[in-house]
Structure formats: structure tokens, C-alpha cells
file entry-v8.txt (compact mmCIF, C-alpha atoms and all ligand atoms)
# COMPACT_ATOMS: atom_id res chain seq x y z
CA MET A 1 50.35 41.86 18.70
CA ILE A 2 47.81 43.24 16.20
CA ALA A 3 45.94 39.91 16.22
CA GLU A 4 45.83 40.02 20.05
CA GLU A 5 44.43 43.58 20.03
CA LYS A 6 41.75 42.50 17.53
CA LYS A 7 40.79 39.57 19.78
CA VAL A 8 40.44 41.82 22.81
CA SER A 9 38.01 44.15 21.09
CA LYS A 10 36.07 41.61 19.01
CA LEU A 11 33.00 41.86 21.28
CA LYS A 12 33.54 45.43 22.46
CA GLY A 13 30.24 47.02 23.46
CA LYS A 14 28.25 43.80 22.97
CA VAL A 15 25.79 42.60 25.61
CA ALA A 16 25.59 38.84 26.16
CA VAL A 17 23.40 36.58 28.28
CA ILE A 18 24.68 33.11 29.15
CA THR A 19 22.30 30.73 30.91
CA GLY A 20 24.15 28.19 32.99
CA GLY A 21 27.03 30.65 33.09
CA ASN A 22 28.18 29.78 36.58
CA SER A 23 30.10 26.62 35.68
CA GLY A 24 31.58 24.47 32.94
CA ILE A 25 31.20 25.52 29.31
CA GLY A 26 29.00 28.52 30.22
CA LEU A 27 31.54 29.94 32.66
CA ALA A 28 34.44 29.40 30.22
CA THR A 29 32.40 31.20 27.53
CA ALA A 30 31.57 34.07 29.89
CA GLN A 31 35.26 34.51 30.72
CA ARG A 32 36.14 34.53 27.03
CA PHE A 33 33.37 36.99 26.10
CA VAL A 34 34.41 39.42 28.86
CA SER A 35 38.06 39.12 27.79
CA GLU A 36 36.94 40.05 24.26
CA GLY A 37 35.14 43.18 25.47
CA ALA A 38 31.53 42.12 26.06
CA TYR A 39 29.33 42.82 29.08
CA VAL A 40 27.98 39.44 30.21
CA PHE A 41 24.99 38.45 32.33
CA ILE A 42 25.38 34.92 33.67
CA ALA A 43 22.34 33.06 34.99
CA GLY A 44 22.00 29.96 37.10
CA ARG A 45 20.23 28.50 40.12
CA ARG A 46 23.08 28.15 42.61
CA GLN A 47 23.74 31.60 44.09
CA SER A 48 27.06 30.53 45.66
CA GLU A 49 28.33 29.34 42.24
CA LEU A 50 27.09 32.55 40.61
CA ASP A 51 28.98 34.65 43.16
CA ALA A 52 32.13 32.55 42.72
CA ALA A 53 31.86 32.79 38.91
CA VAL A 54 31.48 36.59 38.99
CA LYS A 55 34.57 36.74 41.20
CA GLN A 56 36.51 34.37 38.92
CA ILE A 57 35.65 36.46 35.85
CA GLY A 58 36.97 39.54 37.65
CA GLU A 59 33.81 41.34 38.88
CA LYS A 60 34.04 43.75 35.94
CA ASN A 61 31.68 43.68 32.95
CA VAL A 62 29.77 40.77 34.45
CA SER A 63 26.58 40.35 36.50
CA GLY A 64 25.19 37.20 38.06
CA VAL A 65 21.41 36.78 37.97
CA HIS A 66 19.74 34.06 39.97
CA ALA A 67 17.35 32.30 37.58
CA ASP A 68 15.97 28.85 36.87
CA VAL A 69 15.35 28.61 33.11
CA SER A 70 12.46 26.20 33.65
CA ASN A 71 10.64 28.95 35.58
CA ILE A 72 8.97 31.53 33.32
CA ALA A 73 8.82 34.17 36.06
CA ASP A 74 12.59 33.78 36.57
CA LEU A 75 13.21 34.28 32.84
CA ASP A 76 11.02 37.40 32.82
CA ARG A 77 13.01 38.73 35.77
CA LEU A 78 16.35 37.89 34.11
CA TYR A 79 15.50 39.81 30.94
CA ALA A 80 13.95 42.67 32.93
CA VAL A 81 17.32 43.07 34.71
CA VAL A 82 19.16 43.01 31.36
CA GLU A 83 16.74 45.50 29.81
CA GLU A 84 16.95 47.83 32.78
CA GLN A 85 20.76 47.73 32.95
CA LYS A 86 21.75 47.50 29.28
CA GLY A 87 18.58 48.00 27.23
CA ARG A 88 19.26 45.14 24.81
CA ILE A 89 20.90 41.77 24.08
CA ASP A 90 23.32 41.14 21.23
CA ILE A 91 24.24 37.55 22.07
CA LEU A 92 22.33 34.80 23.86
CA PHE A 93 24.03 31.52 24.75
CA ALA A 94 21.16 29.29 25.91
CA ASN A 95 23.54 26.84 27.52
CA ALA A 96 21.79 25.78 30.75
CA GLY A 97 21.02 22.10 30.74
CA VAL A 98 21.07 18.89 32.67
CA SER A 99 22.08 15.41 31.63
CA GLU A 100 20.92 12.43 33.60
CA PHE A 101 20.80 9.15 31.81
CA ALA A 102 18.67 6.09 32.52
CA PRO A 103 17.89 2.91 30.59
CA LEU A 104 14.51 3.02 28.83
CA GLY A 105 12.94 0.61 31.29
CA LYS A 106 13.98 2.74 34.28
CA ILE A 107 12.86 6.20 33.11
CA THR A 108 10.28 7.65 35.51
CA GLU A 109 7.78 10.45 34.87
CA ALA A 110 9.67 12.65 37.37
CA HIS A 111 12.95 12.04 35.48
CA PHE A 112 11.30 12.85 32.14
CA ASP A 113 9.67 16.03 33.53
CA LYS A 114 12.95 17.21 35.08
CA ILE A 115 14.97 16.79 31.87
CA PHE A 116 12.31 18.24 29.58
CA SER A 117 11.51 21.20 31.85
CA VAL A 118 15.14 22.38 31.67
CA ASN A 119 16.44 21.13 28.32
CA VAL A 120 13.29 21.71 26.23
CA LYS A 121 10.91 24.12 27.99
CA GLY A 122 13.82 26.09 29.51
CA LEU A 123 15.66 26.33 26.19
CA LEU A 124 12.59 27.40 24.22
CA PHE A 125 11.50 30.11 26.68
CA SER A 126 15.08 31.32 27.26
CA VAL A 127 15.09 32.23 23.57
CA GLN A 128 11.46 33.36 23.24
CA LYS A 129 11.64 35.67 26.26
CA ALA A 130 14.84 37.24 24.89
CA LEU A 131 13.26 38.27 21.57
CA HIS A 132 12.13 41.63 22.91
CA CYS A 133 15.72 42.49 23.97
CA PHE A 134 17.07 41.35 20.57
CA MET A 135 14.57 43.61 18.79
CA MET A 136 15.80 46.48 20.90
CA ALA A 137 19.36 45.68 19.74
CA ALA A 138 18.12 45.77 16.14
CA GLN A 139 16.20 48.97 16.99
CA LEU A 140 12.94 47.42 15.79
CA PHE A 141 11.10 48.98 18.75
N1 LIG B 1 30.02 18.64 28.70
C1 LIG B 1 29.57 17.85 27.72
O1 LIG B 1 30.22 16.91 27.28
C2 LIG B 1 28.23 18.13 27.09
C3 LIG B 1 27.80 17.34 26.06
C4 LIG B 1 26.56 17.61 25.45
C5 LIG B 1 25.80 18.65 25.90
N2 LIG B 1 26.24 19.41 26.95
C6 LIG B 1 25.38 20.48 27.39
O2 LIG B 1 26.13 21.70 27.37
C7 LIG B 1 25.69 22.52 28.45
C8 LIG B 1 26.86 22.87 29.36
O3 LIG B 1 27.47 21.67 29.80
P1 LIG B 1 28.55 21.62 30.95
O4 LIG B 1 29.35 20.41 30.75
O5 LIG B 1 29.24 22.94 31.05
O6 LIG B 1 27.60 21.36 32.21
P2 LIG B 1 27.65 21.90 33.73
O7 LIG B 1 29.03 22.23 34.16
O8 LIG B 1 26.85 20.91 34.50
O9 LIG B 1 26.84 23.25 33.62
C9 LIG B 1 25.46 23.27 33.48
C10 LIG B 1 25.05 24.69 33.83
O10 LIG B 1 23.65 24.79 33.65
C11 LIG B 1 23.09 25.39 34.80
N3 LIG B 1 21.72 24.94 34.94
C12 LIG B 1 21.27 23.66 35.02
N4 LIG B 1 19.94 23.66 35.15
C13 LIG B 1 19.55 24.96 35.14
C14 LIG B 1 18.30 25.60 35.27
N5 LIG B 1 17.18 24.90 35.43
N6 LIG B 1 18.26 26.95 35.23
C15 LIG B 1 19.40 27.66 35.07
N7 LIG B 1 20.61 27.12 34.96
C16 LIG B 1 20.68 25.77 35.01
C17 LIG B 1 24.00 24.99 35.95
O11 LIG B 1 23.95 25.94 37.01
P3 LIG B 1 22.99 25.74 38.30
O12 LIG B 1 23.07 24.30 38.67
O13 LIG B 1 23.53 26.69 39.31
O14 LIG B 1 21.62 26.14 37.83
C18 LIG B 1 25.35 25.05 35.27
O15 LIG B 1 25.86 26.36 35.29
C19 LIG B 1 24.60 21.75 29.18
O16 LIG B 1 23.35 22.14 28.65
C20 LIG B 1 24.91 20.32 28.83
O17 LIG B 1 23.76 19.49 28.91
C21 LIG B 1 27.42 19.16 27.55

call {"tool": "encode", "arguments": {"input": "entry-v8.txt", "output": "C-alpha cells", "more": "lines below"}}
Ligand SMILES: NC(=O)c1ccc[n+]([C@@H]2O[C@H](COP(=O)([O-])OP(=O)(O)OC[C@H]3O[C@@H](n4cnc5c(N)ncnc54)[C@H](OP(=O)(O)O)[C@@H]3O)[C@@H](O)[C@H]2O)c1
result
Amino acid sequence: MIAEEKKVSKLKGKVAVITGGNSGIGLATAQRFVSEGAYVFIAGRRQSELDAAVKQIGEKNVSGVHADVSNIADLDRLYAVVEEQKGRIDILFANAGVSEFAPLGKITEAHFDKIFSVNVKGLLFSVQKALHCFMMAAQLF
């Protein structure tokens, strides 16, 4: 019983952002974080999946933000929403990603650009653009 109470409040008051939070590992993590007391912003491209995920999590202590991590303007908008609503980030799970495999001889430039724009560019700028909100959490501003 005591262990269960501790689990529930482990993330109490924490603000988390989970990219790719509308399905799979990201959604499972969002559910867990909310159950442990965090407020969670989930981001993804498919609005219908975002809406369904918010509903599945329970519509409390969760917001869905439509954002493509490979689009810098979308990331700026995501963190502007977080900053406006919560003023900081304590936890970032940069989870959004795509996996499409092809044999070396069949990789096209379009395939390469798609994978790298999400998994490399998207990952790097998801973290870089969040720095400001992390500094606010650490009260460095
Ligand atoms: N499952 C595995 O075995 C495994 C193994 C190694 C690595 N991973 C990595 O772990 C992460 C989660 O995997 P998963 O199995 O949970 O995959 P998943 O169910 O396909 O989830 C991927 C998530 O990323 C989002 N996403 C994809 N591209 C995006 C973009 N450009 N901008 C914003 N969101 C984007 C998707 O939402 P939208 O489509 O709505 O944008 C979705 O919510 C991925 O990065 C995956 O590559 C998974």
C-alpha cells in the first residue's frame, strides 16, 4: 500500500513532454507518467490519434499538441504552448521516430531524407528547442 502511494506521487507536479506520444511506447509512457502524477504534453502529426490518446489517458493532466518534429516552426509552437500553460519542462522524452528499412542498394535520397529529417534533425531540435523550458525549470532565467 505504501509502495503504491509512493508510485502514484513519484512525478507529482512534474511537467513532461513526449514526442510521438500518441501511440506505442510514447503513449504507454504518457499513461504511466500521468498515473504517477505528472502533467504530460503529447505531440504527434496525426490529430485523430492525438485526440484518441488524450481520451485513452483520461483527458486529465494531459494535452495533445499537433506537431511534426522535423518542422522547426512546429517545435517552436509546441514549446510555446508548454511555456504558456506550464512555464517549464521537467522531463522530455524525445521518442518520435520512424523506422523504414531498405537494403543498401535500394536506399533512395527521398528515403534517406525522410528518416534523417525525423530521427536525426527532429531529435536534435526537439531537445535544443526545449532547453529554454528546462532552464526555466532550473530557474536559470
Ligand atoms: N518498437 C521497437 O521495437 C523500437 C525499436 C527501436 C527503436 N524504436 C523507436 O522508439 C520510438 C517509439 O517506437 P514505437 O514502437 O512506439 O513506434 P510507433 O508506435 O510507430 O510510434 C511512433 C510515434 O512517433 C510519432 N512520429 C513519427 N514521426 C513523427 C514526426 N515527424 N513528428 C512527430 N511525431 C512523429 C508517431 O505519431 P504520428 O505518426 O502521429 O506523428 C507515433 O506516435 C520510435 O522512435 C522508434 O523508432 C522502437

call {"tool": "closest_residue", "arguments": {"input": "entry-v8.txt", "among": "A:His111, A:Arg88, A:Lys55, A:Lys60", "to": "Met135 (chain A)", "atoms": "only C-alpha atoms"}}
result
A:Arg88

call {"tool": "residues_near_point", "arguments": {"input": "entry-v8.txt", "point": "(14.7, 37.8, 30.1)", "cutoff": "10 Å", "atoms": "all atoms listed in the file", "output": "tab-separated table (two decimals) with C-alpha atoms, in the coordinates of the input"}}
result
chain	number	residue	atom	x	y	z
A	17	VAL	CA	23.40	36.58	28.28
A	67	ALA	CA	17.35	32.30	37.58
A	69	VAL	CA	15.35	28.61	33.11
A	72	ILE	CA	8.97	31.53	33.32
A	73	ALA	CA	8.82	34.17	36.06
A	74	ASP	CA	12.59	33.78	36.57
A	75	LEU	CA	13.21	34.28	32.84
A	76	ASP	CA	11.02	37.40	32.82
A	77	ARG	CA	13.01	38.73	35.77
A	78	LEU	CA	16.35	37.89	34.11
A	79	TYR	CA	15.50	39.81	30.94
A	80	ALA	CA	13.95	42.67	32.93
A	81	VAL	CA	17.32	43.07	34.71
A	82	VAL	CA	19.16	43.01	31.36
A	83	GLU	CA	16.74	45.50	29.81
A	89	ILE	CA	20.90	41.77	24.08
A	125	PHE	CA	11.50	30.11	26.68
A	126	SER	CA	15.08	31.32	27.26
A	127	VAL	CA	15.09	32.23	23.57
A	128	GLN	CA	11.46	33.36	23.24
A	129	LYS	CA	11.64	35.67	26.26
A	130	ALA	CA	14.84	37.24	24.89
A	131	LEU	CA	13.26	38.27	21.57
A	132	HIS	CA	12.13	41.63	22.91
A	133	CYS	CA	15.72	42.49	23.97

call {"tool": "residues_near_ligand", "arguments": {"input": "entry-v8.txt", "ligand": "ligand LIG 1 (chain B)", "cutoff": "9 Å", "atoms": "all atoms listed in the file", "output": "PyMOL selection string"}}
result
chain A and resi 19-28+42-50+66-71+74+94-100+114+117-119+122

call {"tool": "atom_distance", "arguments": {"input": "entry-v8.txt", "atom1": "CA of Glu84 (chain A)", "atom2": "CA of Phe33 (chain A)"}}
result
20.8 Å

call {"tool": "closest_residue", "arguments": {"input": "entry-v8.txt", "among": "A:Ile57, A:Ala16, A:Asp51, A:Leu11", "to": "Glu36 (chain A)", "atoms": "all atoms listed in the file"}}
result
A:Leu11

call {"tool": "closest_residue", "arguments": {"input": "entry-v8.txt", "among": "A:Val15, A:Phe41, A:Lys106, A:Ser35", "to": "Gly58 (chain A)", "atoms": "all atoms listed in the file"}}
result
A:Ser35

call {"tool": "closest_residue", "arguments": {"input": "entry-v8.txt", "among": "A:Leu124, A:Ile18, A:Ala52, A:Ala102", "to": "Tyr39 (chain A)", "atoms": "only C-alpha atoms"}}
result
A:Ile18

call {"tool": "closest_residue", "arguments": {"input": "entry-v8.txt", "among": "A:Leu92, A:Lys86, A:Gly64, A:Gly13", "to": "Leu123 (chain A)", "atoms": "all atoms listed in the file"}}
result
A:Leu92

call {"tool": "decode", "arguments": {"input": "entry-v8.txt", "residues": "region 10-110 of chain A", "atoms": "C-alpha atoms", "output": "PDB file, in the first residue's frame"}}
result
ATOM      1  CA  LYS A  10       6.598   9.926  -7.875  1.00  0.00           C
ATOM      2  CA  LEU A  11       6.127  12.538 -10.622  1.00  0.00           C
ATOM      3  CA  LYS A  12       3.705  14.795  -8.751  1.00  0.00           C
ATOM      4  CA  GLY A  13       3.924  18.356 -10.060  1.00  0.00           C
ATOM      5  CA  LYS A  14       6.344  17.452 -12.864  1.00  0.00           C
ATOM      6  CA  VAL A  15       5.769  18.669 -16.414  1.00  0.00           C
ATOM      7  CA  ALA A  16       6.672  16.253 -19.207  1.00  0.00           C
ATOM      8  CA  VAL A  17       6.741  16.475 -22.996  1.00  0.00           C
ATOM      9  CA  ILE A  18       6.600  13.257 -25.008  1.00  0.00           C
ATOM     10  CA  THR A  19       7.092  13.489 -28.763  1.00  0.00           C
ATOM     11  CA  GLY A  20       5.372  10.661 -30.576  1.00  0.00           C
ATOM     12  CA  GLY A  21       3.101  10.366 -27.564  1.00  0.00           C
ATOM     13  CA  ASN A  22       0.004   9.377 -29.486  1.00  0.00           C
ATOM     14  CA  SER A  23       0.887   5.696 -29.960  1.00  0.00           C
ATOM     15  CA  GLY A  24       3.144   2.820 -28.981  1.00  0.00           C
ATOM     16  CA  ILE A  25       5.926   3.381 -26.452  1.00  0.00           C
ATOM     17  CA  GLY A  26       5.219   7.132 -26.235  1.00  0.00           C
ATOM     18  CA  LEU A  27       1.552   6.632 -25.381  1.00  0.00           C
ATOM     19  CA  ALA A  28       2.344   3.918 -22.810  1.00  0.00           C
ATOM     20  CA  THR A  29       4.895   6.280 -21.219  1.00  0.00           C
ATOM     21  CA  ALA A  30       2.404   9.163 -21.191  1.00  0.00           C
ATOM     22  CA  GLN A  31      -0.165   6.970 -19.435  1.00  0.00           C
ATOM     23  CA  ARG A  32       2.415   5.915 -16.864  1.00  0.00           C
ATOM     24  CA  PHE A  33       3.661   9.468 -16.241  1.00  0.00           C
ATOM     25  CA  VAL A  34       0.108  10.771 -15.725  1.00  0.00           C
ATOM     26  CA  SER A  35      -0.657   7.858 -13.380  1.00  0.00           C
ATOM     27  CA  GLU A  36       2.437   8.864 -11.382  1.00  0.00           C
ATOM     28  CA  GLY A  37       1.248  12.470 -11.036  1.00  0.00           C
ATOM     29  CA  ALA A  38       2.846  14.350 -13.946  1.00  0.00           C
ATOM     30  CA  TYR A  39       1.195  16.756 -16.381  1.00  0.00           C
ATOM     31  CA  VAL A  40       2.045  15.485 -19.864  1.00  0.00           C
ATOM     32  CA  PHE A  41       2.065  17.156 -23.278  1.00  0.00           C
ATOM     33  CA  ILE A  42       1.981  14.575 -26.061  1.00  0.00           C
ATOM     34  CA  ALA A  43       2.970  15.584 -29.588  1.00  0.00           C
ATOM     35  CA  GLY A  44       2.452  13.914 -32.927  1.00  0.00           C
ATOM     36  CA  ARG A  45       1.327  14.518 -36.501  1.00  0.00           C
ATOM     37  CA  ARG A  46      -1.938  12.564 -36.632  1.00  0.00           C
ATOM     38  CA  GLN A  47      -4.606  14.696 -34.942  1.00  0.00           C
ATOM     39  CA  SER A  48      -7.104  11.795 -34.757  1.00  0.00           C
ATOM     40  CA  GLU A  49      -4.529   9.653 -32.896  1.00  0.00           C
ATOM     41  CA  LEU A  50      -3.688  12.565 -30.600  1.00  0.00           C
ATOM     42  CA  ASP A  51      -7.365  13.020 -29.724  1.00  0.00           C
ATOM     43  CA  ALA A  52      -7.788   9.279 -29.137  1.00  0.00           C
ATOM     44  CA  ALA A  53      -4.647   9.169 -26.963  1.00  0.00           C
ATOM     45  CA  VAL A  54      -5.808  12.105 -24.810  1.00  0.00           C
ATOM     46  CA  LYS A  55      -9.123  10.294 -24.338  1.00  0.00           C
ATOM     47  CA  GLN A  56      -7.389   6.998 -23.513  1.00  0.00           C
ATOM     48  CA  ILE A  57      -5.183   8.691 -20.909  1.00  0.00           C
ATOM     49  CA  GLY A  58      -8.308  10.133 -19.289  1.00  0.00           C
ATOM     50  CA  GLU A  59      -8.408  13.766 -20.516  1.00  0.00           C
ATOM     51  CA  LYS A  60      -6.944  14.927 -17.202  1.00  0.00           C
ATOM     52  CA  ASN A  61      -3.363  16.177 -16.793  1.00  0.00           C
ATOM     53  CA  VAL A  62      -2.700  15.668 -20.497  1.00  0.00           C
ATOM     54  CA  SER A  63      -2.719  17.877 -23.603  1.00  0.00           C
ATOM     55  CA  GLY A  64      -2.270  16.850 -27.215  1.00  0.00           C
ATOM     56  CA  VAL A  65      -0.264  19.204 -29.423  1.00  0.00           C
ATOM     57  CA  HIS A  66      -0.189  18.724 -33.160  1.00  0.00           C
ATOM     58  CA  ALA A  67       3.485  18.893 -34.175  1.00  0.00           C
ATOM     59  CA  ASP A  68       5.871  17.368 -36.682  1.00  0.00           C
ATOM     60  CA  VAL A  69       9.310  17.170 -35.022  1.00  0.00           C
ATOM     61  CA  SER A  70      11.045  17.594 -38.379  1.00  0.00           C
ATOM     62  CA  ASN A  71       9.420  21.032 -38.699  1.00  0.00           C
ATOM     63  CA  ILE A  72      11.181  23.734 -36.659  1.00  0.00           C
ATOM     64  CA  ALA A  73       8.138  26.023 -36.627  1.00  0.00           C
ATOM     65  CA  ASP A  74       6.060  23.159 -35.178  1.00  0.00           C
ATOM     66  CA  LEU A  75       8.639  22.609 -32.412  1.00  0.00           C
ATOM     67  CA  ASP A  76       8.649  26.332 -31.589  1.00  0.00           C
ATOM     68  CA  ARG A  77       4.857  26.219 -31.372  1.00  0.00           C
ATOM     69  CA  LEU A  78       4.908  23.078 -29.202  1.00  0.00           C
ATOM     70  CA  TYR A  79       7.242  24.627 -26.633  1.00  0.00           C
ATOM     71  CA  ALA A  80       5.396  27.962 -26.773  1.00  0.00           C
ATOM     72  CA  VAL A  81       2.220  26.084 -25.754  1.00  0.00           C
ATOM     73  CA  VAL A  82       4.095  24.338 -22.923  1.00  0.00           C
ATOM     74  CA  GLU A  83       5.664  27.591 -21.749  1.00  0.00           C
ATOM     75  CA  GLU A  84       2.364  29.432 -21.847  1.00  0.00           C
ATOM     76  CA  GLN A  85       0.452  26.702 -19.998  1.00  0.00           C
ATOM     77  CA  LYS A  86       3.056  25.398 -17.533  1.00  0.00           C
ATOM     78  CA  GLY A  87       6.063  27.723 -17.732  1.00  0.00           C
ATOM     79  CA  ARG A  88       8.665  24.947 -17.800  1.00  0.00           C
ATOM     80  CA  ILE A  89       9.613  21.354 -18.652  1.00  0.00           C
ATOM     81  CA  ASP A  90      10.996  18.858 -16.154  1.00  0.00           C
ATOM     82  CA  ILE A  91      11.076  15.804 -18.415  1.00  0.00           C
ATOM     83  CA  LEU A  92      11.449  15.445 -22.182  1.00  0.00           C
ATOM     84  CA  PHE A  93      11.017  12.061 -23.857  1.00  0.00           C
ATOM     85  CA  ALA A  94      12.184  12.667 -27.439  1.00  0.00           C
ATOM     86  CA  ASN A  95      10.570   9.481 -28.650  1.00  0.00           C
ATOM     87  CA  ALA A  96       9.120  10.366 -32.076  1.00  0.00           C
ATOM     88  CA  GLY A  97      10.729   8.343 -34.800  1.00  0.00           C
ATOM     89  CA  VAL A  98      10.214   6.297 -37.900  1.00  0.00           C
ATOM     90  CA  SER A  99      11.745   3.025 -38.972  1.00  0.00           C
ATOM     91  CA  GLU A 100      11.693   2.006 -42.590  1.00  0.00           C
ATOM     92  CA  PHE A 101      14.311  -0.423 -43.709  1.00  0.00           C
ATOM     93  CA  ALA A 102      15.770  -0.971 -47.166  1.00  0.00           C
ATOM     94  CA  PRO A 103      18.774  -2.881 -48.487  1.00  0.00           C
ATOM     95  CA  LEU A 104      21.777  -0.636 -49.201  1.00  0.00           C
ATOM     96  CA  GLY A 105      21.327  -0.918 -52.951  1.00  0.00           C
ATOM     97  CA  LYS A 106      17.682   0.209 -52.755  1.00  0.00           C
ATOM     98  CA  ILE A 107      18.004   3.274 -50.498  1.00  0.00           C
ATOM     99  CA  THR A 108      16.790   6.399 -52.304  1.00  0.00           C
ATOM    100  CA  GLU A 109      17.558  10.039 -51.493  1.00  0.00           C
ATOM    101  CA  ALA A 110      13.883  10.546 -50.522  1.00  0.00           C
TER     102      ALA A 110
END
